[in-house]
$ cat work-v3.csv   # CSV, C-alpha atoms
chain,number,residue,atom,x,y,z
G,249,MET,CA,0.0,0.0,0.0
G,250,PHE,CA,2.8,2.4,0.8
G,251,ALA,CA,4.4,1.8,-2.6
G,252,HIS,CA,1.1,2.6,-4.3
G,253,LEU,CA,0.7,5.9,-2.3
G,254,LYS,CA,4.3,6.8,-3.1
G,255,ALA,CA,3.6,6.2,-6.8
G,256,GLN,CA,0.4,8.3,-6.7
G,257,ALA,CA,2.3,11.1,-5.0
G,258,LYS,CA,5.0,11.0,-7.7
G,259,ALA,CA,2.4,11.1,-10.5
G,260,LEU,CA,0.7,14.0,-8.8
G,261,LYS,CA,4.0,15.9,-8.6
G,262,ALA,CA,4.6,15.3,-12.3
G,263,GLU,CA,1.1,16.6,-13.1
G,264,LEU,CA,1.9,19.8,-11.1
G,265,TYR,CA,5.1,20.3,-13.1
G,266,ALA,CA,3.1,19.7,-16.3
G,267,LEU,CA,0.5,22.3,-15.1
G,268,TYR,CA,3.3,24.8,-14.6
G,269,TYR,CA,4.5,24.4,-18.1
G,270,ALA,CA,0.9,24.4,-19.5
G,271,ALA,CA,0.3,27.7,-17.8
G,272,GLN,CA,3.1,29.3,-19.8
G,273,ASP,CA,1.6,28.2,-23.1
G,274,ALA,CA,-0.4,30.9,-25.0
G,275,ARG,CA,-3.0,28.3,-26.1
G,276,THR,CA,-4.2,27.8,-22.5
G,277,PRO,CA,-7.4,29.7,-21.6
G,278,TRP,CA,-7.2,32.5,-19.0
G,279,TYR,CA,-9.7,30.8,-16.7
G,280,ALA,CA,-7.6,27.6,-16.7
G,281,LYS,CA,-4.5,29.7,-15.9
G,282,ALA,CA,-6.3,31.3,-13.0
G,283,LEU,CA,-7.4,28.0,-11.6
G,284,MET,CA,-3.9,26.6,-12.1
G,285,GLY,CA,-2.4,29.6,-10.3
G,286,PHE,CA,-4.6,29.0,-7.4
G,287,THR,CA,-3.9,25.3,-7.4
G,288,LEU,CA,-0.2,25.6,-7.6
G,289,ALA,CA,-0.1,28.4,-5.0
G,290,TYR,CA,-2.3,26.4,-2.6
G,291,ALA,CA,-0.4,23.1,-3.2
G,292,MET,CA,3.0,24.8,-2.6
G,293,SER,CA,1.8,27.1,0.2
G,294,PRO,CA,2.8,26.1,3.8
G,295,ILE,CA,-0.6,27.6,4.9
G,296,ASP,CA,-3.6,25.4,4.5
G,297,LEU,CA,-7.3,26.2,4.4
G,298,ILE,CA,-7.8,23.6,7.2
G,299,PRO,CA,-4.7,23.3,9.5
G,300,ASP,CA,-3.1,19.9,9.5
G,301,PHE,CA,-3.1,19.6,13.3
G,302,ILE,CA,-6.9,19.2,13.2
G,303,PRO,CA,-7.5,15.4,13.2
G,304,VAL,CA,-8.8,14.0,10.0
G,305,LEU,CA,-10.1,17.3,8.6
G,306,GLY,CA,-6.6,18.8,8.5
G,307,TYR,CA,-5.6,16.3,5.7
G,308,LEU,CA,-8.9,16.4,3.8
G,309,ASP,CA,-7.9,19.6,2.0
G,310,ASP,CA,-4.6,18.0,0.9
G,311,LEU,CA,-6.4,14.8,-0.1
G,312,LEU,CA,-9.5,16.3,-1.8
G,313,ILE,CA,-9.1,20.0,-2.7
G,314,VAL,CA,-5.7,19.9,-4.3
G,315,PRO,CA,-6.4,16.7,-6.5
G,316,ALA,CA,-9.8,18.0,-7.5
G,317,CYS,CA,-8.3,21.4,-8.6
G,318,ILE,CA,-5.6,19.6,-10.5
G,319,ALA,CA,-8.1,17.3,-12.2
G,320,LEU,CA,-10.3,20.3,-13.1
G,321,SER,CA,-7.3,22.3,-14.4
G,322,ILE,CA,-6.3,19.4,-16.6
G,323,ARG,CA,-9.8,19.2,-18.1
G,324,LEU,CA,-9.7,22.9,-18.9
G,325,ILE,CA,-6.5,22.7,-20.8
G,326,PRO,CA,-6.5,21.6,-24.5
G,327,ALA,CA,-5.2,18.1,-24.8
G,328,ALA,CA,-2.4,19.0,-27.2
G,329,VAL,CA,-1.1,21.6,-24.8
G,330,MET,CA,-1.3,19.2,-21.8
G,331,ASP,CA,0.5,16.5,-23.8
G,332,GLU,CA,3.4,18.9,-24.7
G,333,ALA,CA,3.6,20.1,-21.1
G,334,ARG,CA,3.8,16.5,-19.8
G,335,ILE,CA,6.7,15.8,-22.2
G,336,ARG,CA,8.5,19.0,-21.2
G,337,ALA,CA,7.9,18.2,-17.5
G,338,ARG,CA,9.3,14.7,-17.9
G,339,GLU,CA,12.4,15.9,-19.8
G,340,GLN,CA,13.2,19.1,-17.9
G,341,GLY,CA,11.6,19.0,-14.5
G,342,LEU,CA,11.7,22.2,-12.5
G,343,ALA,CA,14.6,24.1,-11.1
G,344,ARG,CA,14.8,23.5,-7.4
G,345,LYS,CA,15.8,27.0,-6.3
G,346,PRO,CA,13.6,28.8,-3.8
G,347,ASN,CA,11.6,31.8,-5.1
G,348,TRP,CA,11.4,34.2,-2.3
G,349,VAL,CA,9.3,36.7,-4.3
G,350,ALA,CA,6.6,34.2,-5.0
G,351,GLY,CA,6.7,33.1,-1.3
G,352,ALA,CA,6.3,36.7,-0.2
G,353,ILE,CA,3.4,37.3,-2.6
G,354,ILE,CA,1.6,34.2,-1.3
G,355,LEU,CA,2.2,35.3,2.3
G,356,VAL,CA,0.9,38.8,1.6
G,357,LEU,CA,-2.2,37.4,-0.1
G,358,TRP,CA,-2.9,35.2,2.9
G,359,VAL,CA,-2.4,38.1,5.4
G,360,VAL,CA,-4.6,40.4,3.4
G,361,GLY,CA,-7.3,37.7,3.1
G,362,LEU,CA,-7.2,37.0,6.8
G,363,GLY,CA,-7.2,40.8,7.5
G,364,ILE,CA,-10.4,41.2,5.4
G,365,ALA,CA,-12.0,38.2,7.1
G,366,GLY,CA,-11.1,39.6,10.5
G,367,HIS,CA,-12.5,43.0,9.6
G,368,TYR,CA,-15.8,41.6,8.5
G,369,ALA,CA,-15.9,39.3,11.6
G,370,TYR,CA,-15.2,42.3,13.9
G,371,THR,CA,-17.8,44.4,12.1
G,372,TRP,CA,-20.4,41.7,12.4
G,373,TYR,CA,-19.6,41.1,16.1
G,374,TYR,CA,-19.7,44.8,16.9
G,375,GLN,CA,-23.1,45.3,15.2
G,376,ARG,CA,-24.6,42.4,17.1
G,377,THR,CA,-23.3,43.4,20.4
G,378,ARG,CA,-24.0,47.2,20.1
G,379,ARG,CA,-27.1,48.3,22.0
G,380,PRO,CA,-29.4,50.8,20.2

$ encode --input "work-v3.csv" --output "structure tokens"
Amino acid sequence: MFAHLKAQAKALKAELYALYYAAQDARTPWYAKALMGFTLAYAMSPIDLIPDFIPVLGYLDDLLIVPACIALSIRLIPAAVMDEARIRAREQGLARKPNWVAGAIILVLWVVGLGIAGHYAYTWYYQRTRRP
């Protein structure tokens, strides 16, 4: 069973590389690029929608959300583009250098999103607790 899971993880990683190359192709529709950007950012982000320390639910996003977004992204990309991207990913792979700019952008987006959510939560709470 462990070998099967390891093979599945390796195939998923190869698909992520292929999605990266497909996103660079001009024949890929904008909505597919947007979904791929979200998928890649979420898959590579150390911050999860549901934290991993929550039993069972913490790993559901990794087991359900990411593969579902990858599958949907693949369906939105033209078959010829995806085939070329898979070949390129198999031949070249990806450079393994850290991209601090992309990491900083992802962190800023999460902080802004949490700030907006916090603002709305505070406003909602303040309106409910305020006495007329």

$ residues_around --input "work-v3.csv" --residues "Ile313 (chain G)" --least-positions-apart "3" --cutoff "10 Å" --atoms "only C-alpha atoms" --output "list in words"
Thr287, Tyr290, Ala291, Leu297, Tyr307, Leu308, Asp309, Asp310, Ala316, Cys317, Ile318 and Ala319 of chain G

$ residues_around --input "work-v3.csv" --residues "region 265-280 of chain G" --least-positions-apart "5" --cutoff "6 Å" --atoms "all atoms listed in the file" --output "VMD selection string"
chain G and resid 321 324 to 325 333 to 334 337

$ write_last_selection --input "work-v3.csv" --atoms "C-alpha atoms" --output "PDB file, keeping the file's coordinate frame"
ATOM      1  CA  SER G 321      -7.300  22.300 -14.400  1.00  0.00           C
ATOM      2  CA  LEU G 324      -9.700  22.900 -18.900  1.00  0.00           C
ATOM      3  CA  ILE G 325      -6.500  22.700 -20.800  1.00  0.00           C
ATOM      4  CA  ALA G 333       3.600  20.100 -21.100  1.00  0.00           C
ATOM      5  CA  ARG G 334       3.800  16.500 -19.800  1.00  0.00           C
ATOM      6  CA  ALA G 337       7.900  18.200 -17.500  1.00  0.00           C
TER       7      ALA G 337
END

$ closest_residue --input "work-v3.csv" --among "G:Ala350, G:Ala328, G:Leu311, G:Val359" --to "Gln256 (chain G)" --atoms "all atoms listed in the file"
G:Leu311

$ closest_residue --input "work-v3.csv" --among "G:Leu288, G:Ala255, G:Ala282, G:Ala365" --to "Gly351 (chain G)" --atoms "all atoms listed in the file"
G:Leu288

$ atom_distance --input "work-v3.csv" --atom1 "CA of Ile354 (chain G)" --atom2 "CA of Ala289 (chain G)"
7.1 Å

$ atom_distance --input "work-v3.csv" --atom1 "CA of Trp372 (chain G)" --atom2 "CA of Gly306 (chain G)"
27.0 Å

$ atom_distance --input "work-v3.csv" --atom1 "CA of Val329 (chain G)" --atom2 "CA of Ala262 (chain G)"
15.1 Å

$ closest_residue --input "work-v3.csv" --among "G:Trp358, G:Arg378, G:Glu263, G:Gly363" --to "Asp331 (chain G)" --atoms "all atoms listed in the file"
G:Glu263

$ closest_residue --input "work-v3.csv" --among "G:Ala259, G:Ile353, G:Leu362, G:Met292" --to "Val314 (chain G)" --atoms "only C-alpha atoms"
G:Met292
